[in-house]
Structures are given as structure tokens and as C-alpha cells.
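Taking it in order: structure first as C-alpha cells, then the write-up.
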Protein chains: 2
Amino acid sequence: MFGSVLIENIGELLTCTGDGRVHDGGGAGSGGGIGLVRNAAVAIRNGRVVYAGPTAELPPGFGSDERIDAHGQLVTPGLVDPHTHLVFAGSRAGEFDLRNQRKSYLEIQQAGGGILATVTATRAASDQALHEGALARLDRFLAQGVTLVEAKTGYDLTIAGERRLLAALQAARESHVVDVSPTLLAHVPPPNGERARFVRAFCDELIPTTNADAVDVYCDEGAFSLAETRAILEAGKRHRKRLRVHAEQFTYTGAAELAAELGATSVEHLEQLSPEAPAKLAAAGVVCNLLPGAALTLKLPWPDAGRLYAAGCTVALGTDCNPGSSLSESLPLMMTLACTQMGLSAAQAWLGVTRAAALSVGRDDAGQLAPGARGDLVIWDADDHRQVPQHYGVPLARTVIVRGVVAYRRES
Amino acid sequence: MFGSVLIENIGELLTCTGDGRVHDGGGAGSGGGIGLVRNAAVAIRNGRVVYAGPTAELPPGFGSDERIDAHGQLVTPGLVDPHTHLVFAGSRAGEFDLRNQRKSYLEIQQAGGGILATVTATRAASDQALHEGALARLDRFLAQGVTLVEAKTGYDLTIAGERRLLAALQAARESHVVDVSPTLLAHVPPPNGERARFVRAFCDELIPTTNADAVDVYCDEGAFSLAETRAILEAGKRHRKRLRVHAEQFTYTGAAELAAELGATSVEHLEQLSPEAPAKLAAAGVVCNLLPGAALTLKLPWPDAGRLYAAGCTVALGTDCNPGSSLSESLPLMMTLACTQMGLSAAQAWLGVTRAAALSVGRDDAGQLAPGARGDLVIWDADDHRQVPQHYGVPLARTVIVRGVVAYRRES
């Protein structure tokens with residue numbers, strides 16, 4: 001896989017270096033924005049970017065084993081999805097259909113819906129079936145231009161089972177070209193009613209003995225309380241895990257403020273947000289992972305991105321890929337939803353799926369094209385970055401390069 | 001291309017025969033709904049379906065030149081898109097970005113946005129460029145499982161130019177496996193102010209001398225008045241064209257009632273609808289083409305499908321594929337939007353992109369799998385029809401068969 005490759009004849013290049021925020025509109029010459037360069041080239045050597053900028057300034061002595069012609073099209077960093085539930089089994093298509101027809105929660109439960117339906121199917125699935133499901137999802141992510149995903153456990157709800165799901169994430173990472181950053185998720189209390197014991201075991205047995213990158217808690221009515229969330233996050237912090245919180249999706253709990261207080265890497269959802277939270281999140285440098293696909297699927301209010309930007313927050317966009325509330329691997333479609341429904345500019349959306357998302361995942365060398373960064377990039381069927389969110393629902397990633405090697409090429 | 005093919009080992013088959021409406025929930029054994037059959041087979045001979053039903057009842061003597069294993073997956077008719085603007089040139093991605101950021105109409109106009117931007121680019125494009133653009137869009141439609149599209153002229157606004165666009169549609173039809181039903185669209189009055197003369201020439205010169213399947217008028221503030229719409233539709237009727245009307249998208253004009261009065265084949269959009277219109281449309285048998293992608297892109301209210309169904313209307317779903325208000329070739333995503341945002345059941349959404357859409361296009365042999373129908377079908381990456389609207393934003397059509405021949409096969 002190592003060697004050198006030159007991607008030339010790039011019509012429009014987004015480098016997405018900087019802090020993941022748009023400072024001046026993100027247009028040409030933008031310092032801290034999307035870093036738009038026209039007539040550009042990218043050189044990759046041994047899996048790392050060695051040059052990304054104007055063709056005219058490409059060092060003359062750069063020899064390459066391979067040249068790839070971008071045909072004047074758009075080139076961006078490989079996309080980063082900061083929030084997925086990658087490993088699960090079973091289908092909840094029936095629940096989807098009932099919910100859309102405004103059937104009651106009771107009817108959906110009686111039809112076997114809800115998170116526990118996925119828990120039952122996931123517990124029953126073999127390691128091999130879980131592995132194949134995760135790889136199929138990573139294939140679909142790759143075909144959408146995604147080269148790094150955060151991925152959570154959370155569909156077993158026993159300590160041994162969550163450990164198995166973490167192993168499945170690690171196996172997927174080792175078997176697939178798309179990189180995976182695994183997170184231990186305390187999703188919902190187990191159905192046997194022993195929630196205090198589960199929280200204790202999660203903190204004392206699971207977190208200390210696993211090598212997940214991060215710990216996440218779903219804090220909401222019907223999930224974990226704010227006190228339980230604090231206990232789990234503090235355990236994560238003691239064991240030097242990154243912290244994440246599913247906060248304020250259905251009800252206001254104060255979890256966003258807790259995330260700021262504990263220095264979490266990210267907060268997720270934020271459909272319900274207190275007036276004070278955005279400034280606190282911005283001051284603490286917590287990346288706000290907005291999940292437009294969950295709002296779409298559940299027909300919830302769209303997260304108020306404008307308030308987060310106004311407060312100076314860093315905003316990332318994720319698919320929330322999961323079997324209940326957002327079954328999608330299309331990060332480009334999340335850009336479309338964020339632009340059309342939440343008012344993001346195309347530049348904000350691009351940073352949300354590249355640099356800001358990489359910061360949310362804690363991989364500083366991802367989501368940007370600068371010397372030293374991963375040689376992960378996408379050549380798009382578009383010659384203007386605004387076309388990718390505009391032209392929605394169809395795959396536009398033409399060629400996806402991971403660590404300097406072509407990992408996917410769409411033929412039609 | 002002729003011969004016989006047997007698609008076997010179908011886990012779930014939708015035949016979608018009937019009148020395009022769900023009568024009893026559309027489940028197994030449904031007479032007039034989606035016609036769901038488990039453990040099924042489809043036989044095609046000389047491009048036409050000869051059998052579609054339970055494997056157990058397949059006539060024993062059916063010999064086939066080719067057998068295709070559906071591996072237990074879902075098989076449906078090829079999708080039909082009843083509303084597209086297939087032929088155009090240029091990009092309006094800048095306008096998309098400005099509108100999302102709530103820039104004023106004036107700012108968008110100053111930045112070169114609006115339909116007239118497309119008219120300028122389309123007039124400047126060569127025949128070859130228009131042809132290639134249309135073929136690329138048909139490729140993307142095919143990869144989404146679409147085998148028949150209605151397609152409109154409307155981006156030239158001169159009589160000679162509209163004639164050129166119709167020829168481009170006919171050329172696309174002849175060059176591509178996806179079938180095209182061409183419609184002459186009176187889109188907006190030409191910018192030179194000679195609207196009365198344009199309407200007269202459209203009626204007296206264009207409609208009588210072209211072989212479009214249908215005539216359509218965009219009736220709205222800023223487009224054509226109700227009186228102009230009536231004049232154009234009556235000219236279409238005199239020349240035995242099917243009639244369509246873009247009705248009630250931004251303002252209530254009464255165009256839906258006019259469509260019912262004149263016996264139009266379809267009405268489009270219907271975001272603003274009078275209390276009386278649904279019953280009139282149902283009584284007149286006018287198919288209601290709802291376009292969720294336009295509501296998404298422009299952040300308009302979702303069409304009130306529930307009122308149309310309650311009145312007994314036939315409802316179809318289209319992409320509205322066009323460079324301004326809905327740039328997408330994904331009919332499956334329109335199902336997702338219709339289900340999640342407009343409350344359609346999966347069965348209603350399926351009929352909306354198969355049988356009802358075929359009736360809207362006036363191709364009775366399309367959008368269904370019954371003896372004598374076109375041998376157009378899709379094998380999906382799904383084993384339950386509700387998974388296709390649920391699993392959104394990624395291509396799920398695995399194999400697309402047109403007239404009994406494999407026209408598309410997705411490799412990854």
C-alpha cells in the first residue's frame with residue numbers, strides 16, 4: 001500500500017485545515033474555513049499527504065509512482081462520520097412503518113419495536129453475522145466517501161455482551177479499509193430492572209478493562225438519569241477515555257452542561273437545548289454532533305444549529321446510522337438536510353463532515369488535507385463543493401482514496 | 001434482447017397490480033394493494049411478464065434461457081418517476097447555498113439564480129451536451145431502480161428551443177434503456193415580455209406539430225395565469241395530448257379544479273390545496289403527483305397527502321428532478337420523505353412509485369408485474385418492502401431488469 005501518488009487536475013480542492021469552524025465565509029483564500037483552492041494537486045507518500053495546494057506551487061521534484069487525473073472535479077478530504085451505531089442485527093422496518101402512520105407507542109411495542117427489539121436480535125446473532133453486517137455498512141459508508149467512522153456498542157446491555165460488541169467493532173476495523181473509532185455506549189438500562197448494578201459494572205468492570213477510544217452515555221427520559229450519566233462519564237474520565245453524551249434529544253436533562261463541565265469531546269443530538277448551553281459548550285471546546293437523520297426519521301424539530309454557531313461552537317454532522325431512528329450511511333445526505341432544513345452554508349456542512357467531525361473523533365490527522373495528514377480523499381462527480389449537498393440522494397463519490405490507495409471507484 | 005428469463009427464489013414480491021390505490025392495507029393477499037407474495041417467481045418472455053406469483057404455482061413447463069437467483073430478496077416492478085425535468089444545462093448550486101442561508105430573493109437574483117439562469121445555460125448548450133446530461137441523469141435513475149420517467153421540456157422559452165428540447169428527450173429515449181415519456185411544458189413566460197404571443201405560439205405552432213405524450217403548464221404567481229393555463233391545456237386537449245398541471249405549489253390558483261374539469265391525467269405539487277379540490281380530483285380520476293423533494297429543498301410545507309387519500313385520490317410520487325428546486329434522481333428517497341414527513345404507509349409509497357406513477361404517465365403496462373406487463377423489475381438489497389423507504393440515502397437497487405434483460409447490476 002505504500003508508495004507515492006499524485007492527484008492532479010483538481011478543479012476545486014477543499015483542504016479543510018484549521019479548527020473546523022468557518023471564520024470568513026470559507027471562500028477562496030479563506031484562512032480558517034474550508035480552504036478552497038482552484039487548479040490544485042494533492043501528493044501522497046507512504047499514506048500521508050505531502051502536498052495539497054495550487055498546481056502551480058507543486059514542488060517540481062515530486063516523483064510519483066501513480067498519477068490520478070481528477071478531470072477538473074472537486075476533491076475533498078475523506079469524510080468522517082462522528083456518530084454511528086455500526087454493530088447490530090435485525091430489522092425494525094415494521095416499527096418504521098407503524099410510526100410513520102402515527103401509531104401509538106403501545107402499538108409499536110406490541111409489534112415488537114423499540115431498542116429492545118434490536119437488543120434481542122443482536123444477542124441472538126453470531127459473531128460472524130455481526131461482523132458481516134458491520135462490513136456491509138462500512139462498504140456503504142465507503143461508497144459515500146466516508147473513510148473514518150466513530151462507532152458505538154450498546155445493543156446488548158450485559159457486560160459480557162457489550163464486550164463482544166466492542167470486539168466486533170475492533171474486528172471490523174482490522175478487516176476494512178474504513179477506519180473505526182470504537183466507543184463504549186451506555187445506551188439504556190437493561191430490561192431486567194437491575195440498572196444500578198449495570199451502571200456499577202459498566203464503570204468498574206467494563207470501562208477499565210477495554211480499549212475503547214471513548215465512553216458515551218444516552219441521557220434522557222427512558223434512558224440514563226443525569227446522576228447515572230455523571231457516574232459513568234467520571235469513570236470514563238478516570239480511565240482516560242474521551243467522553244461523549246447523547247444529550248437533550250427528547251427531553252431537557254442538563255446533560256449538555258454536564259458535558260461542558262467534564263470536558264467531553266462531543267455532545268450528540270441537542271434537539272432540546274437550554275439557553276445557556278451553547279456558550280458553555282463553546283467555552284469547553286465540546287464538538288456538537290448534530291444528527292439530522294434522526295430528526296428526519298422521527299419527524300422531530302431540527303436542531304437549532306444557528307444558536308450553536310452564534311455561540312462559537314464547533315458543529316459536526318453524523319448519520320446516527322442505527323436500525324431504529326436513522327438507518328443510513330449517507331453523510332452527504334446529512335449535509336443536504338443540514339443545509340436545507342437547518343440553514344447551514346455549504347462551507348459549514350463541509351467542515352461538519354470533515355475537520356469538525358475528525359476533531360469530534362479525536363483524530364487530528366483526519367478530515368483535512370495538509371502535509372502530514374492521512375492520505376484519505378474523495379474525487380466527486382461535481383466541480384463545485386456546493387453541488388454535493390445540492391445534488392442529493394444519489395452517490396456522487398466517484399473515487400475514494402484511503403492512505404494513498406484507491407479503495408473504491410464507482411463505475412456507474 | 002428477446003428470450004426468456006426466470007427470476008426465482010424471491011423472498012417477497014410486490015406485483016402492484018390494480019388501480020394504484022391501497023384498499024385493505026396492502027398486506028399479503030391484498031387484492032387491490034401492493035399484491036405481496038412470499039416465495040415467488042417471475043417469468044419474462046420476449047420482454048413481457050408471463051408469470052408473477054408463488055413459486056409453487058409456476059407452470060411446470062416454463063423453460064428459460066436464463067435464471068436469476070433473487071437470493072430471498074425483495075423484487076418489485078421497475079420504478080416509474082411521473083415528474084422530471086430531465087433536459088437542462090448549468091448548475092444552480094450557488095443559488096441553493098444562498099437560499100439555505102435565507103438570503104433574499106433579490107440577492108439570489110443578483111447572484112444569477114432562478115429558472116432564467118437555467119434557461120440561459122440551456123440555450124447556450126450544444127445538442128451533444130444536452131444529450132450527455134440527459135443520459136447521465138438516466139444512468140442515475142436506473143441505478144436507483146427507475147425504468148420509466150416522465151420528462152418535460154421548459155428551459156428554453158422559445159418555440160424553436162422547446163422543439164429542440166423535445167427532440168433531446170426523444171433522442172435520450174432512443175439511446176437509453178430507461179424509457180422516457182416526453183411532455184411539452186409551458187414553464188414560465190419568456191423574459192422578453194411577449195407572453196401573449198408565446199402562449200399563442202405554444203398553442204397554435206408547438207402543440208400541433210410535435211409528438212409529445214402530454215402538455216403541462218406551470219400555473220402560479222410568476223408563471224402562467226389560470227386563463228393562460230386553460231388556453232394551453234385546451235389546445236393540448238384538442239390535439240389529444242394528455243394534460244398535466246403544476247398546481248398550487250406556492251399560491252392557490254384554482255388550477256387543481258381546472259385539471260379536474262378538463263380531465264387531466266395528473267396534477268403536480270399541491271402544496272396549497274382548496275378544501276374542495278381533493279374530491280374533484282378523485283372524481284375526475286386525476287393522479288396527484290406529489291413531489292417531496294421540492295418541499296425538502298425549498299423548505300415548504302409538506303403536501304397534505306392524508307386529505308388526498310381520504311378523498312379517494314390516486315397518489316404518485318416523483319423526484320421533480322430539476323436544477324433549482326430538487327436536484328435528485330432518487331425515487332426511493334422520495335418514498336422515505338413521503339413516509340416520514342407526509343405519513344404515507346410503505347404500501348402507499350410503493351404504489352406511488354409503481355402503479356400510480358405508471359397511470360400518471362399513461363403507460364398501463366408499466367409499474368406492475370402481471371402477465372402482459374413490461375418485464376421491468378428490481379431485485380433489492382432488502383427482504384421486506386418496508387426496508388426500502390426505511391434504509392435511506394444509499395442505493396439499494398441491486399439488479400435492474402428492463403424488458404427481461406439485466407440493465408444494471410451494482411457491484412458494491
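Here, A, B, ... name the chains of the C-alpha cells in the order displayed, residue numbers run from 1 inside each chain, and ligands are numbered from 1 in the same displayed order.
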
Exercise for review: For chain A, list the residues within 8 Å of chain B, counting only C-alpha atoms, and write the list as a count of residues only.
Suggested key: 40

Practice item. Might you pull out every residue within 9 Å of Leu130 (chain A), with only C-alpha atoms counted and same-chain residues fewer than 3 positions away left off, and present them as a VMD selection string? Key: chain A and resid 87 to 89 122 125 to 127 133 to 135 165 168

Could those selected residues go to a file with C-alpha atoms, as a compact mmCIF listing (two decimals), in the first residue's frame?
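This went into selection-v4.txt:
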```
# COMPACT_ATOMS: atom_id res chain seq x y z
CA VAL A 87 -22.88 -3.15 15.07
CA PHE A 88 -26.39 -4.54 15.36
CA ALA A 89 -28.65 -7.24 13.96
CA THR A 122 -28.18 -8.64 18.40
CA ALA A 125 -26.71 -13.06 16.24
CA SER A 126 -23.45 -14.96 15.79
CA ASP A 127 -20.12 -13.17 15.85
CA GLY A 133 -23.29 -6.71 8.97
CA ALA A 134 -20.67 -4.22 10.11
CA LEU A 135 -18.56 -4.80 6.99
CA LEU A 165 -19.78 -5.75 20.52
CA ALA A 168 -16.85 -6.79 16.79
```

Check your understanding: Which one of A:Gln272, A:Gln249, A:Asn211, A:Ser181 sits closest to Ser360 (chain A) if you count only C-alpha atoms?
Key -> A:Ser181

Check your understanding: Distance CA of Thr319 (chain A)-CA of Gly90 (chain A), one decimal place?
Key -> 18.7 Å

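Comparing B:Leu36, B:Gly367, B:Gly78, B:Ile207 by their smallest distance to Arg355 (chain B), the closest is B:Gly367 (using only C-alpha atoms).
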
**Study point:** Residue list (strand (DSSP E), DSSP) for region 72-283 of chain A, as a PyMOL selection string
**Key:** chain A and resi 74-77+79-81+146-152+179-186+214-219+242-247+266-269

**Study point:** 12 Å contact set for Leu6 (chain A), only C-alpha atoms, chain neighbours under 3 positions out, as an MDAnalysis selection string
**Key:** chainID A and resid 3 9:10 40:53 55 58:59 62:70 375 377 401 404:406

Leu351 (chain A): which residues within 7 Å, counting only C-alpha atoms, same-chain residues fewer than 4 positions away excluded, as a compact mmCIF listing (two decimals) with C-alpha atoms, in the first residue's frame?
```
# COMPACT_ATOMS: atom_id res chain seq x y z
CA CYS A 16 -10.43 21.88 5.44
CA GLY A 20 -13.29 23.10 11.96
CA ARG A 21 -15.13 26.41 12.00
CA ILE A 34 -12.83 25.11 4.02
CA ALA A 347 -18.98 25.53 3.84
CA ARG A 355 -12.47 18.70 10.10
CA ALA A 356 -15.04 19.22 12.86
```

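If you look at CA of Gly154 (chain A) and CA of Gly362 (chain A), they are 20.4 Å away from each other.
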
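For Leu291 (chain A), the list of residues within 7 Å, based on only C-alpha atoms and with local chain neighbours fewer than 2 positions off taken out, reads A:His269, A:Asn289, A:Gly293, A:Ala294, A:Leu317, A:Gly318, A:Thr319, A:Asp320.
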
Could you write out that same residue set with N, CA, C and O atoms as a PDB file, in the first residue's frame?
```pdb
ATOM      1  N   HIS A 269     -26.921  15.098  19.354  1.00  0.00           N
ATOM      2  CA  HIS A 269     -28.354  15.400  19.206  1.00  0.00           C
ATOM      3  C   HIS A 269     -28.684  16.875  19.444  1.00  0.00           C
ATOM      4  O   HIS A 269     -28.837  17.633  18.513  1.00  0.00           O
ATOM      5  N   ASN A 289     -22.227  17.302  17.864  1.00  0.00           N
ATOM      6  CA  ASN A 289     -22.540  16.384  16.764  1.00  0.00           C
ATOM      7  C   ASN A 289     -24.040  16.418  16.499  1.00  0.00           C
ATOM      8  O   ASN A 289     -24.822  15.845  17.255  1.00  0.00           O
ATOM      9  N   GLY A 293     -30.461  13.079  10.445  1.00  0.00           N
ATOM     10  CA  GLY A 293     -31.196  11.891  10.030  1.00  0.00           C
ATOM     11  C   GLY A 293     -32.164  11.396  11.088  1.00  0.00           C
ATOM     12  O   GLY A 293     -33.224  10.843  10.760  1.00  0.00           O
ATOM     13  N   ALA A 294     -31.820  11.583  12.361  1.00  0.00           N
ATOM     14  CA  ALA A 294     -32.737  11.175  13.432  1.00  0.00           C
ATOM     15  C   ALA A 294     -33.936  12.119  13.477  1.00  0.00           C
ATOM     16  O   ALA A 294     -35.074  11.688  13.658  1.00  0.00           O
ATOM     17  N   LEU A 317     -21.498  16.882  11.774  1.00  0.00           N
ATOM     18  CA  LEU A 317     -22.718  16.210  11.324  1.00  0.00           C
ATOM     19  C   LEU A 317     -22.469  14.715  11.239  1.00  0.00           C
ATOM     20  O   LEU A 317     -21.459  14.281  10.686  1.00  0.00           O
ATOM     21  N   GLY A 318     -23.399  13.932  11.766  1.00  0.00           N
ATOM     22  CA  GLY A 318     -23.269  12.478  11.688  1.00  0.00           C
ATOM     23  C   GLY A 318     -24.530  11.850  11.143  1.00  0.00           C
ATOM     24  O   GLY A 318     -25.590  12.471  11.104  1.00  0.00           O
ATOM     25  N   THR A 319     -24.402  10.583  10.695  1.00  0.00           N
ATOM     26  CA  THR A 319     -25.584   9.876  10.194  1.00  0.00           C
ATOM     27  C   THR A 319     -26.449   9.334  11.326  1.00  0.00           C
ATOM     28  O   THR A 319     -27.631   9.114  11.144  1.00  0.00           O
ATOM     29  N   ASP A 320     -25.810   9.057  12.499  1.00  0.00           N
ATOM     30  CA  ASP A 320     -26.504   8.342  13.577  1.00  0.00           C
ATOM     31  C   ASP A 320     -26.914   6.946  13.109  1.00  0.00           C
ATOM     32  O   ASP A 320     -27.834   6.352  13.668  1.00  0.00           O
TER      33      ASP A 320
END
```

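Of the residues listed (A:Glu257, A:Asp213, A:Asp376, A:Glu271), A:Glu271 shows the shortest atom-to-atom separation from Ala305 (chain A); distances use only C-alpha atoms.
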
Review point. Contacts of region 216-221 of chain B at 9 Å or less, counting only C-alpha atoms, minus same-chain residues fewer than 3 places along, as a PyMOL selection string?
Key: chain B and resi 152+183-188+224-226+228-230+232-233+236+242-253+255
